[in-house]
$ cat final_34.cif   # mmCIF, C-alpha atoms and all ligand atoms
data_upload
loop_
_atom_site.label_atom_id
_atom_site.label_comp_id
_atom_site.auth_asym_id
_atom_site.auth_seq_id
_atom_site.Cartn_x
_atom_site.Cartn_y
_atom_site.Cartn_z
CA MET P 27 -101.67 -24.39 112.55
CA ILE P 28 -101.74 -21.23 110.46
CA ASP P 29 -101.65 -21.87 106.71
CA LEU P 30 -99.78 -19.36 104.54
CA GLU P 31 -98.85 -21.88 101.83
CA GLY P 32 -98.50 -20.18 98.44
CA LYS P 33 -98.56 -16.72 100.01
CA VAL P 34 -95.89 -14.10 99.25
CA ALA P 35 -94.87 -11.92 102.22
CA ILE P 36 -92.63 -8.83 101.96
CA VAL P 37 -90.94 -7.76 105.20
CA PHE P 38 -89.39 -4.32 105.85
CA GLY P 39 -87.24 -3.52 108.88
CA LEU P 40 -85.15 -6.63 109.50
CA ALA P 41 -81.86 -5.52 111.10
CA ASN P 42 -80.71 -8.57 113.08
CA LYS P 43 -81.98 -11.64 114.98
CA ARG P 44 -83.26 -9.44 117.79
CA SER P 45 -85.49 -7.51 115.41
CA ILE P 46 -89.21 -8.12 115.81
CA ALA P 47 -89.18 -8.43 112.02
CA TRP P 48 -86.97 -11.53 112.39
CA SER P 49 -89.51 -13.28 114.64
CA ILE P 50 -92.30 -12.29 112.27
CA ALA P 51 -90.34 -13.64 109.29
CA LEU P 52 -89.72 -16.93 111.12
CA LYS P 53 -93.41 -17.45 111.94
CA LEU P 54 -94.58 -16.47 108.43
CA GLN P 55 -92.12 -18.90 106.93
CA GLU P 56 -93.10 -21.64 109.41
CA ALA P 57 -96.67 -21.17 108.12
CA GLY P 58 -95.46 -21.69 104.54
CA ALA P 59 -95.10 -18.15 103.20
CA GLN P 60 -92.47 -17.25 100.60
CA LEU P 61 -90.46 -14.30 102.02
CA ALA P 62 -89.05 -11.20 100.34
CA ILE P 63 -86.81 -9.44 102.89
CA CYS P 64 -86.09 -5.75 102.25
CA TYR P 65 -83.06 -3.99 103.72
CA GLN P 66 -82.43 -0.26 103.65
CA ASN P 67 -79.07 0.08 101.92
CA GLU P 68 -75.78 -1.42 100.78
CA ARG P 69 -74.33 -1.13 104.28
CA MET P 70 -77.08 -3.41 105.72
CA LYS P 71 -76.98 -5.86 102.80
CA ALA P 72 -74.27 -8.19 104.19
CA GLU P 73 -75.93 -8.61 107.61
CA ALA P 74 -79.37 -9.00 106.05
CA GLN P 75 -78.12 -11.57 103.53
CA GLY P 76 -76.81 -13.71 106.39
CA LEU P 77 -80.29 -13.79 107.93
CA ILE P 78 -82.01 -14.28 104.57
CA ASP P 79 -79.83 -17.35 103.95
CA GLU P 80 -81.34 -18.87 107.13
CA LEU P 81 -84.87 -18.39 105.81
CA ALA P 82 -85.32 -21.19 103.24
CA GLY P 83 -86.54 -19.80 99.94
CA ALA P 84 -86.29 -16.18 101.08
CA GLU P 85 -84.79 -13.53 98.84
CA GLY P 86 -83.30 -10.10 99.63
CA PHE P 87 -84.18 -6.77 98.06
CA GLN P 88 -82.80 -3.27 98.71
CA CYS P 89 -85.15 -0.37 99.39
CA ASP P 90 -84.88 2.87 101.35
CA VAL P 91 -88.52 3.47 102.36
CA SER P 92 -87.89 7.23 102.42
CA ASN P 93 -87.22 7.18 98.69
CA ASP P 94 -90.25 6.98 96.35
CA ALA P 95 -88.12 6.03 93.33
CA GLU P 96 -86.60 3.10 95.24
CA ILE P 97 -90.09 1.94 96.31
CA ASP P 98 -91.26 1.98 92.68
CA THR P 99 -88.16 0.07 91.54
CA LEU P 100 -88.60 -2.48 94.31
CA PHE P 101 -92.24 -3.27 93.49
CA GLY P 102 -91.33 -3.60 89.83
CA GLN P 103 -88.82 -6.26 90.90
CA ILE P 104 -91.38 -7.92 93.20
CA LYS P 105 -93.97 -8.03 90.40
CA GLU P 106 -91.45 -9.59 88.03
CA ARG P 107 -90.18 -12.14 90.58
CA TYR P 108 -93.46 -13.19 92.31
CA GLY P 109 -96.31 -11.65 90.26
CA LYS P 110 -98.22 -10.81 93.46
CA VAL P 111 -97.97 -9.88 97.15
CA ASP P 112 -100.24 -11.25 99.88
CA VAL P 113 -98.67 -9.86 103.06
CA LEU P 114 -96.70 -6.67 103.77
CA VAL P 115 -94.92 -6.30 107.14
CA HIS P 116 -93.84 -2.74 108.00
CA ALA P 117 -91.45 -2.89 110.96
CA VAL P 118 -89.73 0.41 110.17
CA ALA P 119 -89.28 3.46 112.38
CA PHE P 120 -86.64 6.07 113.16
CA ALA P 121 -86.20 9.34 115.00
CA PRO P 122 -82.98 11.30 115.55
CA PRO P 123 -81.37 10.20 118.87
CA GLU P 124 -81.66 13.67 120.42
CA ASP P 125 -85.44 13.53 119.92
CA LEU P 126 -85.79 10.25 121.87
CA ARG P 127 -84.77 11.62 125.24
CA GLY P 128 -84.93 14.82 127.26
CA ASP P 129 -87.75 17.34 127.23
CA PHE P 130 -90.35 16.81 124.44
CA VAL P 131 -90.90 20.56 124.01
CA ASN P 132 -87.38 20.71 122.55
CA THR P 133 -88.30 18.43 119.60
CA SER P 134 -86.77 19.88 116.43
CA ARG P 135 -88.76 20.55 113.23
CA GLU P 136 -86.37 18.31 111.33
CA GLY P 137 -86.57 15.55 113.95
CA PHE P 138 -90.37 15.64 113.80
CA ARG P 139 -90.29 15.52 110.00
CA VAL P 140 -87.82 12.61 109.87
CA ALA P 141 -89.71 10.61 112.52
CA HIS P 142 -92.99 10.96 110.61
CA ASP P 143 -91.48 10.42 107.15
CA VAL P 144 -89.70 7.19 108.08
CA SER P 145 -92.13 5.83 110.70
CA VAL P 146 -95.50 6.84 109.25
CA TYR P 147 -95.50 8.09 105.66
CA SER P 148 -93.47 5.04 104.58
CA LEU P 149 -96.50 2.85 105.43
CA ILE P 150 -98.70 4.88 103.08
CA ALA P 151 -96.11 4.81 100.29
CA LEU P 152 -95.49 1.05 100.63
CA SER P 153 -99.22 0.29 100.85
CA ARG P 154 -99.91 2.34 97.68
CA ALA P 155 -97.16 0.43 95.83
CA ALA P 156 -98.21 -3.00 97.13
CA ALA P 157 -101.98 -2.67 96.65
CA PRO P 158 -101.99 -3.27 92.85
CA LEU P 159 -100.06 -6.53 93.44
CA MET P 160 -102.50 -7.72 96.13
CA THR P 161 -104.73 -9.25 93.46
CA ASP P 162 -106.15 -11.82 95.93
CA GLY P 163 -106.63 -9.22 98.63
CA GLY P 164 -103.96 -8.89 101.30
CA SER P 165 -102.87 -8.13 104.84
CA ILE P 166 -100.71 -5.15 105.84
CA ILE P 167 -99.17 -5.22 109.31
CA THR P 168 -97.24 -2.50 111.15
CA LEU P 169 -95.79 -2.15 114.64
CA THR P 170 -96.73 0.45 117.23
CA TYR P 171 -96.28 1.02 120.95
CA TYR P 172 -98.37 2.08 123.97
CA GLY P 173 -96.50 5.39 123.98
CA ALA P 174 -98.84 6.38 121.12
CA GLU P 175 -101.80 6.35 123.49
CA LYS P 176 -100.34 7.48 126.84
CA VAL P 177 -97.24 9.52 127.62
CA VAL P 178 -94.21 7.31 128.20
CA PRO P 179 -91.22 9.41 129.32
CA ASN P 180 -88.38 9.57 126.76
CA TYR P 181 -90.48 8.04 123.94
CA ASN P 182 -91.20 11.66 122.96
CA VAL P 183 -91.53 12.30 119.22
CA MET P 184 -91.85 8.57 118.47
CA GLY P 185 -95.03 8.55 120.57
CA VAL P 186 -96.51 11.28 118.40
CA ALA P 187 -95.41 9.42 115.25
CA LYS P 188 -96.94 6.16 116.50
CA ALA P 189 -100.23 7.98 117.21
CA ALA P 190 -100.16 9.16 113.59
CA LEU P 191 -99.30 5.60 112.52
CA GLU P 192 -102.32 4.15 114.37
CA ALA P 193 -104.61 6.72 112.71
CA THR P 194 -102.94 5.94 109.37
CA VAL P 195 -103.81 2.24 109.90
CA ARG P 196 -107.49 3.21 110.24
CA TYR P 197 -107.51 5.46 107.16
CA LEU P 198 -105.61 2.88 105.06
CA ALA P 199 -108.06 0.17 106.22
CA ALA P 200 -110.96 2.34 105.02
CA SER P 201 -109.19 3.18 101.76
CA LEU P 202 -108.08 -0.38 100.88
CA GLY P 203 -110.90 -2.44 102.42
CA PRO P 204 -112.98 -2.43 99.20
CA ARG P 205 -109.97 -4.17 97.57
CA ARG P 206 -110.04 -6.86 100.32
CA ILE P 207 -106.81 -5.52 101.77
CA ARG P 208 -106.71 -5.47 105.57
CA VAL P 209 -104.46 -3.09 107.53
CA ASN P 210 -103.65 -3.61 111.24
CA ALA P 211 -101.08 -2.63 113.87
CA ILE P 212 -99.51 -4.78 116.56
CA SER P 213 -98.80 -2.81 119.73
CA ALA P 214 -95.95 -4.82 121.29
CA GLY P 215 -94.72 -4.46 124.83
CA PRO P 216 -91.08 -3.33 125.25
CA ILE P 217 -88.53 -5.78 123.85
CA LYS P 218 -84.72 -5.44 123.86
CA THR P 219 -84.09 -4.78 120.18
CA LEU P 220 -81.35 -2.73 118.50
CA ALA P 221 -83.92 0.02 117.94
CA ALA P 222 -85.08 -0.08 121.56
CA ARG P 223 -81.53 0.79 122.62
CA GLY P 224 -82.08 4.15 120.95
CA VAL P 225 -84.85 5.02 123.42
CA GLY P 226 -83.88 6.14 126.93
CA ALA P 227 -84.89 4.11 130.00
CA LEU P 228 -85.83 0.87 128.25
CA GLY P 229 -84.49 -1.17 131.17
CA GLU P 230 -86.80 0.54 133.64
CA MET P 231 -89.77 0.02 131.29
CA LEU P 232 -89.01 -3.71 131.00
CA LYS P 233 -88.91 -4.02 134.80
CA VAL P 234 -92.21 -2.15 135.27
CA HIS P 235 -93.89 -4.31 132.58
CA ALA P 236 -92.77 -7.58 134.20
CA GLU P 237 -94.07 -6.37 137.57
CA LYS P 238 -97.35 -4.72 136.54
CA SER P 239 -98.62 -6.64 133.50
CA PRO P 240 -101.43 -9.15 134.25
CA LEU P 241 -99.19 -11.99 133.02
CA ARG P 242 -96.34 -10.71 135.23
CA LYS P 243 -93.77 -11.08 132.46
CA ASN P 244 -92.31 -9.31 129.43
CA VAL P 245 -93.28 -10.05 125.84
CA GLU P 246 -90.99 -12.31 123.84
CA GLN P 247 -90.23 -11.58 120.18
CA ILE P 248 -91.73 -14.89 119.05
CA GLU P 249 -95.08 -14.00 120.66
CA VAL P 250 -95.25 -10.93 118.43
CA GLY P 251 -94.34 -13.18 115.50
CA GLY P 252 -97.31 -15.43 116.28
CA ALA P 253 -99.73 -12.49 116.38
CA ALA P 254 -98.36 -11.32 113.02
CA ALA P 255 -98.89 -14.76 111.47
CA PHE P 256 -102.50 -14.63 112.74
CA LEU P 257 -103.02 -11.16 111.20
CA ALA P 258 -101.39 -12.35 107.95
CA SER P 259 -103.76 -15.34 107.71
CA ASP P 260 -107.44 -15.69 106.88
CA LEU P 261 -108.06 -16.49 110.58
CA SER P 262 -108.14 -12.70 111.06
CA GLY P 263 -110.24 -12.22 107.90
CA ALA P 264 -112.75 -9.87 109.55
CA ILE P 265 -110.17 -7.75 111.42
CA THR P 266 -109.00 -4.50 109.85
CA GLY P 267 -108.10 -1.00 111.03
CA GLU P 268 -107.27 -2.38 114.48
CA THR P 269 -104.40 -2.02 116.94
CA ILE P 270 -103.91 -5.42 118.58
CA TYR P 271 -102.05 -5.28 121.90
CA VAL P 272 -99.43 -8.01 122.37
CA ASP P 273 -98.11 -6.73 125.70
CA CYS P 274 -99.04 -9.33 128.36
CA GLY P 275 -102.03 -7.11 129.17
CA TYR P 276 -100.04 -4.12 130.43
CA ASN P 277 -102.25 -1.58 128.60
CA ILE P 278 -105.39 -2.57 130.56
CA MET P 279 -103.84 -1.61 133.89
CA GLY P 280 -104.35 1.81 135.50
C1 LIG H 1 -89.12 4.76 127.19
C2 LIG H 1 -89.85 3.78 126.31
C3 LIG H 1 -89.33 2.39 126.51
C4 LIG H 1 -90.14 1.38 125.72
C5 LIG H 1 -89.92 1.57 124.23
C6 LIG H 1 -90.51 0.37 123.46
C7 LIG H 1 -90.09 0.50 122.05
C8 LIG H 1 -88.89 -0.06 121.62
C9 LIG H 1 -88.48 0.06 120.30
C10 LIG H 1 -89.28 0.75 119.40
O1 LIG H 1 -88.91 0.89 118.08
C11 LIG H 1 -88.17 1.98 117.73
C12 LIG H 1 -87.75 2.06 116.41
C13 LIG H 1 -86.95 3.12 116.00
C14 LIG H 1 -86.63 4.10 116.91
O2 LIG H 1 -85.87 5.17 116.50
C15 LIG H 1 -84.53 5.09 116.76
C16 LIG H 1 -83.90 3.93 117.19
C17 LIG H 1 -82.51 3.98 117.41
C18 LIG H 1 -81.83 5.16 117.21
C19 LIG H 1 -82.54 6.27 116.79
O3 LIG H 1 -81.92 7.44 116.57
N1 LIG H 1 -83.88 6.22 116.55
C20 LIG H 1 -87.07 4.04 118.22
C21 LIG H 1 -87.86 2.96 118.64
C22 LIG H 1 -90.48 1.31 119.82
O4 LIG H 1 -91.22 1.97 118.90
C23 LIG H 1 -90.91 1.18 121.13
#

$ encode --input "final_34.cif" --output "structure tokens" --more "lines below"
Ligand SMILES: CCCCCCc1ccc(Oc2ccc(Oc3cccc(O)n3)cc2)c(O)c1
Amino acid sequence: MIDLEGKVAIVFGLANKRSIAWSIALKLQEAGAQLAICYQNERMKAEAQGLIDELAGAEGFQCDVSNDAEIDTLFGQIKERYGKVDVLVHAVAFAPPEDLRGDFVNTSREGFRVAHDVSVYSLIALSRAAAPLMTDGGSIITLTYYGAEKVVPNYNVMGVAKAALEATVRYLAASLGPRRIRVNAISAGPIKTLAARGVGALGEMLKVHAEKSPLRKNVEQIEVGGAAAFLASDLSGAITGETIYVDCGYNIMG
């Protein structure tokens, strides 16, 4: 059993019960962590609050990760409420719909900027704000996808952003390691989330994964949650700067 008793975990990117962030929150809480759930804006507050109410002891905070002032305000609130942070889960990404389908060469300058600001720079900004509160060291976890490493049709600009995210994980690990803060990415196989619906041809990708992966099945949300609880805990104490594949082995196949 993973022990996160007494640990404070802050989770970004919870939209609904199909979110990977929901499964991660459930497993962190099961291990004893106290959860701070962050939602993007007023519009998402009602839905998020419904989920937060199901996570005993969890509290909700508002923060648009593209806004530096909101990040500073949030961590002031976190410091006041908890005094420290042990785990940060970054399950945030976005690209304009038109840049998640069609021919990659047509990616707009603005779409590229937005995809990298929301999906990559936000991890740097959140890590910089959280680090001073990680007084006992900490674990920072983000989510990536195989499309960062090999071309997956339709994933387009998000694939480029996830490649930048995986490099960002390595540079943040090097930067924060001396402060005993670990930074890792989970590369999850395709899962039917709200976000996934924004990427073309998810259905086909799910079928190919179930047929070709060594385990001959798709990944379930809760399996990603378990890997996150492992990365949040001291059991992964010597792992940092890594991308851990939780994809039923699909990435090892030719
Ligand atoms: C053709 C690739 C199929 C497998 C895609 C697996 C996957 C599923 C979901 C993923 O997460 C996001 C998150 C945000 C995102 O950006 C979005 C989502 C909805 C609408 C929109 O305009 N952008 C796209 C994917 C992700 O990074 C990877």

$ residues_near_point --input "final_34.cif" --point "(-98.7, -11.5, 91.1)" --cutoff "8 Å" --atoms "only C-alpha atoms" --output "MDAnalysis selection string"
chainID P and resid 105 108:111 159:161

$ write_last_selection --input "final_34.cif" --atoms "C-alpha atoms" --output "PDB file, keeping the file's coordinate frame"
ATOM      1  CA  LYS P 105     -93.970  -8.030  90.400  1.00  0.00           C
ATOM      2  CA  TYR P 108     -93.460 -13.190  92.310  1.00  0.00           C
ATOM      3  CA  GLY P 109     -96.310 -11.650  90.260  1.00  0.00           C
ATOM      4  CA  LYS P 110     -98.220 -10.810  93.460  1.00  0.00           C
ATOM      5  CA  VAL P 111     -97.970  -9.880  97.150  1.00  0.00           C
ATOM      6  CA  LEU P 159    -100.060  -6.530  93.440  1.00  0.00           C
ATOM      7  CA  MET P 160    -102.500  -7.720  96.130  1.00  0.00           C
ATOM      8  CA  THR P 161    -104.730  -9.250  93.460  1.00  0.00           C
TER       9      THR P 161
END

$ closest_atom_pairs --input "final_34.cif" --of "chain P" --to "ligand LIG 1 (chain H)" --cutoff "9 Å" --atoms "only C-alpha atoms and all ligand atoms" --output "JSON lines"
{"residue": "P:Ala117", "atom": "CA", "partner": "H:LIG1", "partner_atom": "C12", "distance": 8.2}
{"residue": "P:Val118", "atom": "CA", "partner": "H:LIG1", "partner_atom": "C12", "distance": 6.8}
{"residue": "P:Ala119", "atom": "CA", "partner": "H:LIG1", "partner_atom": "C13", "distance": 4.3}
{"residue": "P:Phe120", "atom": "CA", "partner": "H:LIG1", "partner_atom": "O2", "distance": 3.5}
{"residue": "P:Ala121", "atom": "CA", "partner": "H:LIG1", "partner_atom": "N1", "distance": 4.2}
{"residue": "P:Pro122", "atom": "CA", "partner": "H:LIG1", "partner_atom": "O3", "distance": 4.1}
{"residue": "P:Pro123", "atom": "CA", "partner": "H:LIG1", "partner_atom": "O3", "distance": 3.6}
{"residue": "P:Glu124", "atom": "CA", "partner": "H:LIG1", "partner_atom": "O3", "distance": 7.3}
{"residue": "P:Asp125", "atom": "CA", "partner": "H:LIG1", "partner_atom": "O3", "distance": 7.8}
{"residue": "P:Leu126", "atom": "CA", "partner": "H:LIG1", "partner_atom": "N1", "distance": 6.9}
{"residue": "P:Arg127", "atom": "CA", "partner": "H:LIG1", "partner_atom": "C1", "distance": 8.4}
{"residue": "P:Ala141", "atom": "CA", "partner": "H:LIG1", "partner_atom": "O2", "distance": 7.8}
{"residue": "P:Ser145", "atom": "CA", "partner": "H:LIG1", "partner_atom": "C13", "distance": 7.9}
{"residue": "P:Leu169", "atom": "CA", "partner": "H:LIG1", "partner_atom": "O4", "distance": 7.5}
{"residue": "P:Thr170", "atom": "CA", "partner": "H:LIG1", "partner_atom": "O4", "distance": 6.0}
{"residue": "P:Tyr171", "atom": "CA", "partner": "H:LIG1", "partner_atom": "C23", "distance": 5.4}
{"residue": "P:Tyr172", "atom": "CA", "partner": "H:LIG1", "partner_atom": "C23", "distance": 8.0}
{"residue": "P:Gly173", "atom": "CA", "partner": "H:LIG1", "partner_atom": "C2", "distance": 7.2}
{"residue": "P:Val178", "atom": "CA", "partner": "H:LIG1", "partner_atom": "C1", "distance": 5.8}
{"residue": "P:Pro179", "atom": "CA", "partner": "H:LIG1", "partner_atom": "C1", "distance": 5.5}
{"residue": "P:Asn180", "atom": "CA", "partner": "H:LIG1", "partner_atom": "C1", "distance": 4.9}
{"residue": "P:Tyr181", "atom": "CA", "partner": "H:LIG1", "partner_atom": "C1", "distance": 4.8}
{"residue": "P:Asn182", "atom": "CA", "partner": "H:LIG1", "partner_atom": "C1", "distance": 8.4}
{"residue": "P:Met184", "atom": "CA", "partner": "H:LIG1", "partner_atom": "C20", "distance": 6.6}
{"residue": "P:Gly185", "atom": "CA", "partner": "H:LIG1", "partner_atom": "O4", "distance": 7.8}
{"residue": "P:Lys188", "atom": "CA", "partner": "H:LIG1", "partner_atom": "O4", "distance": 7.5}
{"residue": "P:Ser213", "atom": "CA", "partner": "H:LIG1", "partner_atom": "C23", "distance": 9.0}
{"residue": "P:Ala214", "atom": "CA", "partner": "H:LIG1", "partner_atom": "C6", "distance": 7.8}
{"residue": "P:Gly215", "atom": "CA", "partner": "H:LIG1", "partner_atom": "C6", "distance": 6.6}
{"residue": "P:Pro216", "atom": "CA", "partner": "H:LIG1", "partner_atom": "C6", "distance": 4.1}
{"residue": "P:Ile217", "atom": "CA", "partner": "H:LIG1", "partner_atom": "C8", "distance": 6.1}
{"residue": "P:Lys218", "atom": "CA", "partner": "H:LIG1", "partner_atom": "C8", "distance": 7.2}
{"residue": "P:Thr219", "atom": "CA", "partner": "H:LIG1", "partner_atom": "C9", "distance": 6.5}
{"residue": "P:Leu220", "atom": "CA", "partner": "H:LIG1", "partner_atom": "C17", "distance": 6.9}
{"residue": "P:Ala221", "atom": "CA", "partner": "H:LIG1", "partner_atom": "C16", "distance": 4.0}
{"residue": "P:Ala222", "atom": "CA", "partner": "H:LIG1", "partner_atom": "C9", "distance": 3.6}
{"residue": "P:Arg223", "atom": "CA", "partner": "H:LIG1", "partner_atom": "C17", "distance": 6.2}
{"residue": "P:Gly224", "atom": "CA", "partner": "H:LIG1", "partner_atom": "C17", "distance": 3.6}
{"residue": "P:Val225", "atom": "CA", "partner": "H:LIG1", "partner_atom": "C1", "distance": 5.7}
{"residue": "P:Gly226", "atom": "CA", "partner": "H:LIG1", "partner_atom": "C1", "distance": 5.4}
{"residue": "P:Ala227", "atom": "CA", "partner": "H:LIG1", "partner_atom": "C1", "distance": 5.1}
{"residue": "P:Leu228", "atom": "CA", "partner": "H:LIG1", "partner_atom": "C3", "distance": 4.2}
{"residue": "P:Gly229", "atom": "CA", "partner": "H:LIG1", "partner_atom": "C3", "distance": 7.6}
{"residue": "P:Glu230", "atom": "CA", "partner": "H:LIG1", "partner_atom": "C3", "distance": 7.8}
{"residue": "P:Met231", "atom": "CA", "partner": "H:LIG1", "partner_atom": "C3", "distance": 5.4}
{"residue": "P:Leu232", "atom": "CA", "partner": "H:LIG1", "partner_atom": "C4", "distance": 7.4}

$ closest_residue --input "final_34.cif" --among "P:Glu68, P:Asp143, P:Glu106, P:Glu73" --to "Ser92 of chain P" --atoms "all atoms listed in the file"
P:Asp143

$ residues_around --input "final_34.cif" --residues "Ala264 of chain P" --least-positions-apart "3" --cutoff "9 Å" --atoms "all atoms listed in the file" --output "number ranges by chain"
P: 208, 260-261

$ residues_near_point --input "final_34.cif" --point "(-88.0, -6.0, 101.5)" --cutoff "10 Å" --atoms "all atoms listed in the file" --output "list in words"
Ala35, Ile36, Val37, Phe38, Gly39, Leu40, Leu61, Ala62, Ile63, Cys64, Tyr65, Gln66, Glu85, Gly86, Phe87, Gln88, Cys89, Asp90, Val91, Ile97, Leu100, Phe101, Ile104, Leu114, Val115 and His116 of chain P

$ atom_distance --input "final_34.cif" --atom1 "atom CA of Glu31 of chain P" --atom2 "atom CA of Ile167 of chain P"
18.3 Å

$ atom_distance --input "final_34.cif" --atom1 "atom CA of Gly275 of chain P" --atom2 "atom CA of Leu54 of chain P"
23.9 Å

$ atom_distance --input "final_34.cif" --atom1 "atom CA of Arg205 of chain P" --atom2 "atom CA of Arg154 of chain P"
12.0 Å

$ closest_residue --input "final_34.cif" --among "P:Val34, P:Val113, P:Ile212, P:Arg69" --to "Gly83 of chain P" --atoms "all atoms listed in the file"
P:Val34

$ decode --input "final_34.cif" --residues "segment 152-176 of chain P" --atoms "N, CA and C atoms" --output "PDB file, in the first residue's frame"
ATOM      1  N   LEU P 152       4.052  26.776 -12.713  1.00  0.00           N
ATOM      2  CA  LEU P 152       3.506  26.125 -11.502  1.00  0.00           C
ATOM      3  C   LEU P 152       4.632  25.542 -10.649  1.00  0.00           C
ATOM      4  N   SER P 153       5.643  24.969 -11.294  1.00  0.00           N
ATOM      5  CA  SER P 153       6.773  24.394 -10.548  1.00  0.00           C
ATOM      6  C   SER P 153       7.529  25.493  -9.805  1.00  0.00           C
ATOM      7  N   ARG P 154       7.735  26.637 -10.461  1.00  0.00           N
ATOM      8  CA  ARG P 154       8.451  27.761  -9.823  1.00  0.00           C
ATOM      9  C   ARG P 154       7.673  28.261  -8.601  1.00  0.00           C
ATOM     10  N   ALA P 155       6.351  28.290  -8.706  1.00  0.00           N
ATOM     11  CA  ALA P 155       5.517  28.775  -7.599  1.00  0.00           C
ATOM     12  C   ALA P 155       5.429  27.750  -6.467  1.00  0.00           C
ATOM     13  N   ALA P 156       5.446  26.471  -6.830  1.00  0.00           N
ATOM     14  CA  ALA P 156       5.284  25.412  -5.811  1.00  0.00           C
ATOM     15  C   ALA P 156       6.587  25.125  -5.069  1.00  0.00           C
ATOM     16  N   ALA P 157       7.715  25.256  -5.756  1.00  0.00           N
ATOM     17  CA  ALA P 157       9.006  24.832  -5.177  1.00  0.00           C
ATOM     18  C   ALA P 157       9.264  25.411  -3.785  1.00  0.00           C
ATOM     19  N   PRO P 158       9.041  26.709  -3.548  1.00  0.00           N
ATOM     20  CA  PRO P 158       9.314  27.249  -2.204  1.00  0.00           C
ATOM     21  C   PRO P 158       8.454  26.616  -1.106  1.00  0.00           C
ATOM     22  N   LEU P 159       7.302  26.040  -1.495  1.00  0.00           N
ATOM     23  CA  LEU P 159       6.424  25.407  -0.500  1.00  0.00           C
ATOM     24  C   LEU P 159       6.759  23.928  -0.318  1.00  0.00           C
ATOM     25  N   MET P 160       7.631  23.388  -1.180  1.00  0.00           N
ATOM     26  CA  MET P 160       8.010  21.976  -1.068  1.00  0.00           C
ATOM     27  C   MET P 160       9.186  21.839  -0.101  1.00  0.00           C
ATOM     28  N   THR P 161       8.926  22.230   1.137  1.00  0.00           N
ATOM     29  CA  THR P 161       9.993  22.329   2.150  1.00  0.00           C
ATOM     30  C   THR P 161      10.530  20.954   2.568  1.00  0.00           C
ATOM     31  N   ASP P 162       9.730  19.898   2.319  1.00  0.00           N
ATOM     32  CA  ASP P 162      10.220  18.527   2.590  1.00  0.00           C
ATOM     33  C   ASP P 162      10.589  17.825   1.290  1.00  0.00           C
ATOM     34  N   GLY P 163      10.939  18.592   0.274  1.00  0.00           N
ATOM     35  CA  GLY P 163      11.123  17.990  -1.050  1.00  0.00           C
ATOM     36  C   GLY P 163       9.747  17.830  -1.676  1.00  0.00           C
ATOM     37  N   GLY P 164       9.670  17.170  -2.825  1.00  0.00           N
ATOM     38  CA  GLY P 164       8.363  17.035  -3.463  1.00  0.00           C
ATOM     39  C   GLY P 164       8.430  16.214  -4.726  1.00  0.00           C
ATOM     40  N   SER P 165       7.218  15.996  -5.295  1.00  0.00           N
ATOM     41  CA  SER P 165       7.112  15.235  -6.536  1.00  0.00           C
ATOM     42  C   SER P 165       6.161  15.966  -7.468  1.00  0.00           C
ATOM     43  N   ILE P 166       6.659  16.284  -8.667  1.00  0.00           N
ATOM     44  CA  ILE P 166       5.861  16.966  -9.693  1.00  0.00           C
ATOM     45  C   ILE P 166       5.610  15.976 -10.817  1.00  0.00           C
ATOM     46  N   ILE P 167       4.338  15.844 -11.197  1.00  0.00           N
ATOM     47  CA  ILE P 167       3.939  14.837 -12.188  1.00  0.00           C
ATOM     48  C   ILE P 167       3.153  15.507 -13.301  1.00  0.00           C
ATOM     49  N   THR P 168       3.505  15.216 -14.552  1.00  0.00           N
ATOM     50  CA  THR P 168       2.719  15.730 -15.679  1.00  0.00           C
ATOM     51  C   THR P 168       2.358  14.575 -16.602  1.00  0.00           C
ATOM     52  N   LEU P 169       1.499  14.854 -17.568  1.00  0.00           N
ATOM     53  CA  LEU P 169       1.011  13.817 -18.483  1.00  0.00           C
ATOM     54  C   LEU P 169       1.470  14.104 -19.912  1.00  0.00           C
ATOM     55  N   THR P 170       1.940  13.081 -20.581  1.00  0.00           N
ATOM     56  CA  THR P 170       2.359  13.224 -21.966  1.00  0.00           C
ATOM     57  C   THR P 170       1.788  12.065 -22.787  1.00  0.00           C
ATOM     58  N   TYR P 171       2.148  12.041 -24.069  1.00  0.00           N
ATOM     59  CA  TYR P 171       1.631  10.986 -24.936  1.00  0.00           C
ATOM     60  C   TYR P 171       2.667  10.616 -25.987  1.00  0.00           C
ATOM     61  N   TYR P 172       2.623   9.377 -26.442  1.00  0.00           N
ATOM     62  CA  TYR P 172       3.537   8.794 -27.423  1.00  0.00           C
ATOM     63  C   TYR P 172       3.711   9.688 -28.660  1.00  0.00           C
ATOM     64  N   GLY P 173       2.732  10.462 -28.972  1.00  0.00           N
ATOM     65  CA  GLY P 173       2.791  11.368 -30.121  1.00  0.00           C
ATOM     66  C   GLY P 173       3.877  12.422 -29.990  1.00  0.00           C
ATOM     67  N   ALA P 174       4.504  12.484 -28.794  1.00  0.00           N
ATOM     68  CA  ALA P 174       5.664  13.373 -28.589  1.00  0.00           C
ATOM     69  C   ALA P 174       6.902  12.781 -29.252  1.00  0.00           C
ATOM     70  N   GLU P 175       6.938  11.443 -29.299  1.00  0.00           N
ATOM     71  CA  GLU P 175       8.145  10.726 -29.722  1.00  0.00           C
ATOM     72  C   GLU P 175       8.080  10.278 -31.177  1.00  0.00           C
ATOM     73  N   LYS P 176       6.877   9.828 -31.590  1.00  0.00           N
ATOM     74  CA  LYS P 176       6.685   9.399 -32.987  1.00  0.00           C
ATOM     75  C   LYS P 176       5.452  10.108 -33.542  1.00  0.00           C
TER      76      LYS P 176
END
